[in-house]
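query-v2.tsv follows; it contains TSV, C-alpha atoms.
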```tsv
chain	number	residue	atom	x	y	z
A	1	MET	CA	15.60	21.69	-12.39
A	2	VAL	CA	17.37	18.49	-11.44
A	3	ALA	CA	15.51	15.29	-12.29
A	4	PHE	CA	15.09	12.62	-9.64
A	5	GLU	CA	16.36	9.98	-12.06
A	6	ASP	CA	19.72	11.78	-12.10
A	7	MET	CA	20.14	11.57	-8.32
A	8	LYS	CA	21.25	8.68	-6.18
A	9	SER	CA	19.01	7.88	-3.20
A	10	LYS	CA	21.22	9.54	-0.56
A	11	GLU	CA	21.73	12.60	-2.76
A	12	ALA	CA	17.97	12.88	-3.25
A	13	LEU	CA	17.33	12.60	0.51
A	14	ALA	CA	20.06	15.15	1.24
A	15	TRP	CA	18.48	17.52	-1.29
A	16	LEU	CA	15.07	16.99	0.31
A	17	GLY	CA	16.48	17.54	3.82
A	18	GLY	CA	18.06	20.83	2.76
A	19	PHE	CA	14.94	21.88	0.86
A	20	PHE	CA	12.82	21.09	3.91
A	21	CYS	CA	15.11	23.05	6.27
A	22	GLY	CA	14.85	26.03	3.93
A	23	ASP	CA	11.13	26.02	3.13
A	24	GLY	CA	9.48	23.34	5.26
A	25	SER	CA	7.28	23.49	8.31
A	26	ILE	CA	6.48	21.08	11.14
A	27	SER	CA	3.45	21.75	13.32
A	28	LEU	CA	1.40	20.00	15.97
A	29	ALA	CA	-1.94	21.00	17.40
A	30	SER	CA	-4.26	19.42	19.91
A	31	SER	CA	-7.76	18.59	18.76
A	32	ASN	CA	-10.97	17.46	20.40
A	33	LYS	CA	-10.13	19.26	23.67
A	34	GLY	CA	-6.74	17.57	24.02
A	35	LYS	CA	-8.01	14.07	23.31
A	36	GLY	CA	-6.24	13.92	19.99
A	37	TRP	CA	-3.49	15.55	17.97
A	38	GLN	CA	-3.09	16.73	14.42
A	39	GLY	CA	0.36	16.82	12.89
A	40	HIS	CA	1.34	18.63	9.72
A	41	VAL	CA	4.60	18.42	7.77
A	42	CYS	CA	4.65	20.63	4.69
A	43	ILE	CA	6.69	22.64	2.20
A	44	GLY	CA	5.40	25.74	0.43
A	45	GLN	CA	6.73	27.07	-2.88
A	46	VAL	CA	5.74	29.42	-5.68
A	47	GLU	CA	6.71	26.71	-8.21
A	48	GLU	CA	5.13	23.27	-8.19
A	49	GLU	CA	8.04	21.30	-9.72
A	50	PRO	CA	10.28	21.11	-6.59
A	51	LEU	CA	7.30	19.85	-4.59
A	52	LEU	CA	6.58	17.17	-7.17
A	53	LEU	CA	10.23	16.11	-6.91
A	54	ALA	CA	9.96	15.96	-3.09
A	55	ARG	CA	6.86	13.79	-3.40
A	56	GLU	CA	8.62	11.54	-5.92
A	57	ILE	CA	11.60	11.08	-3.59
A	58	VAL	CA	9.47	9.94	-0.65
A	59	ALA	CA	7.33	7.76	-2.95
A	60	ALA	CA	10.52	5.97	-4.05
A	61	HIS	CA	10.84	4.95	-0.39
A	62	GLY	CA	7.27	3.65	-0.19
A	63	ILE	CA	5.62	6.74	1.31
A	64	GLU	CA	2.55	7.86	-0.60
A	65	THR	CA	1.49	11.47	-0.07
A	66	PRO	CA	-1.06	13.74	-1.78
A	67	LEU	CA	-0.11	15.83	-4.78
A	68	PRO	CA	0.87	19.43	-4.09
A	69	HIS	CA	-2.09	21.81	-4.10
A	70	MET	CA	-2.41	25.54	-4.60
A	71	LEU	CA	-3.41	27.67	-1.64
A	72	LYS	CA	-5.61	30.76	-1.95
A	73	ASN	CA	-2.55	33.02	-1.95
A	74	GLY	CA	-1.17	31.30	-5.07
A	75	ILE	CA	1.51	29.31	-3.21
A	76	PHE	CA	1.81	25.57	-3.86
A	77	GLN	CA	1.96	23.31	-0.82
A	78	TRP	CA	2.94	19.66	-0.45
A	79	ASP	CA	2.06	18.08	2.85
A	80	ALA	CA	1.89	14.94	4.90
A	81	THR	CA	-0.24	14.75	8.01
A	82	SER	CA	0.03	12.81	11.26
A	83	SER	CA	1.50	9.33	10.68
A	84	LYS	CA	2.50	10.08	7.06
A	85	GLY	CA	4.35	13.11	8.41
A	86	SER	CA	6.21	10.77	10.76
A	87	GLU	CA	7.24	8.57	7.87
A	88	VAL	CA	8.56	11.56	5.92
A	89	LEU	CA	10.44	12.99	8.93
A	90	ARG	CA	11.97	9.64	9.82
A	91	LEU	CA	13.18	9.30	6.22
A	92	ILE	CA	14.81	12.75	6.01
A	93	TYR	CA	15.86	13.17	9.66
A	94	PRO	CA	19.54	12.27	9.04
A	95	TYR	CA	19.64	15.02	6.40
A	96	LEU	CA	18.05	17.82	8.45
A	97	HIS	CA	21.04	20.09	9.04
A	98	HIS	CA	19.31	22.84	11.02
A	99	PRO	CA	19.13	22.11	14.78
A	100	LYS	CA	15.67	23.68	15.08
A	101	TYR	CA	14.23	21.29	12.50
A	102	ARG	CA	15.99	18.30	14.07
A	103	GLU	CA	14.46	19.15	17.46
A	104	ARG	CA	11.02	19.74	15.98
A	105	ALA	CA	11.22	16.46	14.09
A	106	LYS	CA	12.15	14.61	17.30
A	107	GLY	CA	9.16	16.16	19.06
A	108	TYR	CA	6.82	15.28	16.20
A	109	LEU	CA	8.05	11.69	16.18
A	110	LYS	CA	7.28	11.40	19.90
A	111	VAL	CA	3.66	12.39	19.29
A	112	PHE	CA	3.32	10.31	16.11
A	113	PRO	CA	5.69	7.35	16.53
A	114	LEU	CA	5.66	4.78	13.76
A	115	GLY	CA	3.77	1.61	14.64
A	116	SER	CA	1.84	3.38	17.40
A	117	ARG	CA	-0.12	0.40	18.74
A	118	HIS	CA	1.19	0.70	22.31
A	119	ARG	CA	-1.54	0.33	24.95
A	120	HIS	CA	-0.39	3.52	26.70
A	121	MET	CA	-0.19	5.51	23.46
A	122	ARG	CA	-2.42	8.34	24.70
A	123	GLU	CA	-0.05	9.02	27.60
A	124	VAL	CA	3.00	8.72	25.33
A	125	ARG	CA	1.50	11.18	22.85
A	126	LEU	CA	0.46	13.58	25.62
A	127	GLN	CA	4.00	13.60	27.01
A	128	GLY	CA	5.36	14.15	23.51
A	129	TYR	CA	2.95	17.04	22.97
A	130	ILE	CA	3.99	18.64	26.29
A	131	GLU	CA	7.63	18.40	25.23
A	132	TRP	CA	6.69	19.93	21.84
A	133	LEU	CA	5.04	22.90	23.60
A	134	GLU	CA	8.11	23.35	25.83
A	135	LEU	CA	10.33	23.36	22.71
A	136	LYS	CA	8.14	25.98	21.03
A	137	LEU	CA	8.15	28.13	24.19
A	138	ALA	CA	11.95	27.92	24.35
A	139	GLU	CA	12.15	28.99	20.67
A	140	VAL	CA	9.95	32.02	21.36
A	141	GLN	CA	11.96	32.96	24.46
A	142	ASN	CA	15.23	32.74	22.52
A	143	VAL	CA	13.88	35.07	19.84
A	144	GLU	CA	12.85	37.66	22.42
A	145	VAL	CA	16.28	37.74	24.08
```
Output the file's structure as structure tokens, nothing else.
Amino acid sequence: MVAFEDMKSKEALAWLGGFFCGDGSISLASSNKGKGWQGHVCIGQVEEEPLLLAREIVAAHGIETPLPHMLKNGIFQWDATSSKGSEVLRLIYPYLHHPKYRERAKGYLKVFPLGSRHRHMREVRLQGYIEWLELKLAEVQNVEV
């Protein structure tokens, strides 16, 4: 296992971007009958060490996230929700090499923009969520072709 101390910042972010494209997940769901949204950015692994390294990398950039936790199926998961997820995605976006993850990240960032104090934020988030659903529908349609 590579230690974070041995990596330069850009190398660490590139590693995290590749790791995320391989094992990460970005999801959005409406809550409270469409009046709110829940975002979830996570990585699942059978080993905890790579997740601790991912957490350490984002912490070095001022983003505090919870420690990885073990799910009932024995898989470890590290996650960031809603606005913390936005911070993580904005940090690693330049290093997301897979087009699907880049598009999902863009959609997520529309629903959870950083500094979301805009007076029309509900409308902005709703439009972002609609675009997210359209993206997911397009992904499903492409798989079925």
**OP:** Point out the residue among A:Ala54, A:Ile92, A:Gly44, A:Thr65 with the least atom-to-atom distance to A:Gly17, counting all atoms listed in the file.
**Re:**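 Ranking A:Ala54, A:Ile92, A:Gly44, A:Thr65 by distance to A:Gly17, first place goes to A:Ile92.
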Subject >> Atomic distance atom CA of A:Leu53 - atom CA of A:Gly24, expressed in Å with one decimal >> reply: 14.2 Å
**OP:** Would you list the contacts of A:Gly128 as a list in words, taking every protein, DNA or RNA residue within 9 Å and counting all atoms listed in the file, but skipping same-chain residues closer than 3 positions in sequence?
**Re:**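 Close residues of A:Gly128: Gly107, Tyr108, Leu109, Lys110, Val111, Phe112, Glu123, Val124, Arg125, Glu131, Trp132 and Leu133 of chain A.
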Given the point (0.6, 16.6, -3.1) in the file's coordinates, find the residues that have an atom at most 12 Å from it, counting all atoms listed in the file, and give them as a compact mmCIF listing (two decimals) with C-alpha atoms, keeping the file's coordinate frame.
```txt
# COMPACT_ATOMS: atom_id res chain seq x y z
CA VAL A 41 4.60 18.42 7.77
CA CYS A 42 4.65 20.63 4.69
CA ILE A 43 6.69 22.64 2.20
CA GLY A 44 5.40 25.74 0.43
CA GLU A 48 5.13 23.27 -8.19
CA GLU A 49 8.04 21.30 -9.72
CA PRO A 50 10.28 21.11 -6.59
CA LEU A 51 7.30 19.85 -4.59
CA LEU A 52 6.58 17.17 -7.17
CA LEU A 53 10.23 16.11 -6.91
CA ALA A 54 9.96 15.96 -3.09
CA ARG A 55 6.86 13.79 -3.40
CA GLU A 56 8.62 11.54 -5.92
CA VAL A 58 9.47 9.94 -0.65
CA ALA A 59 7.33 7.76 -2.95
CA ILE A 63 5.62 6.74 1.31
CA GLU A 64 2.55 7.86 -0.60
CA THR A 65 1.49 11.47 -0.07
CA PRO A 66 -1.06 13.74 -1.78
CA LEU A 67 -0.11 15.83 -4.78
CA PRO A 68 0.87 19.43 -4.09
CA HIS A 69 -2.09 21.81 -4.10
CA MET A 70 -2.41 25.54 -4.60
CA LEU A 71 -3.41 27.67 -1.64
CA PHE A 76 1.81 25.57 -3.86
CA GLN A 77 1.96 23.31 -0.82
CA TRP A 78 2.94 19.66 -0.45
CA ASP A 79 2.06 18.08 2.85
CA ALA A 80 1.89 14.94 4.90
CA THR A 81 -0.24 14.75 8.01
```
Original post:
In Å, with one decimal, what is the gap from atom CA of A:Gln141 to atom CA of A:Tyr129?
Top reply: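 Computing the Euclidean distance for atom CA of A:Gln141 and atom CA of A:Tyr129 yields 18.4 Å.
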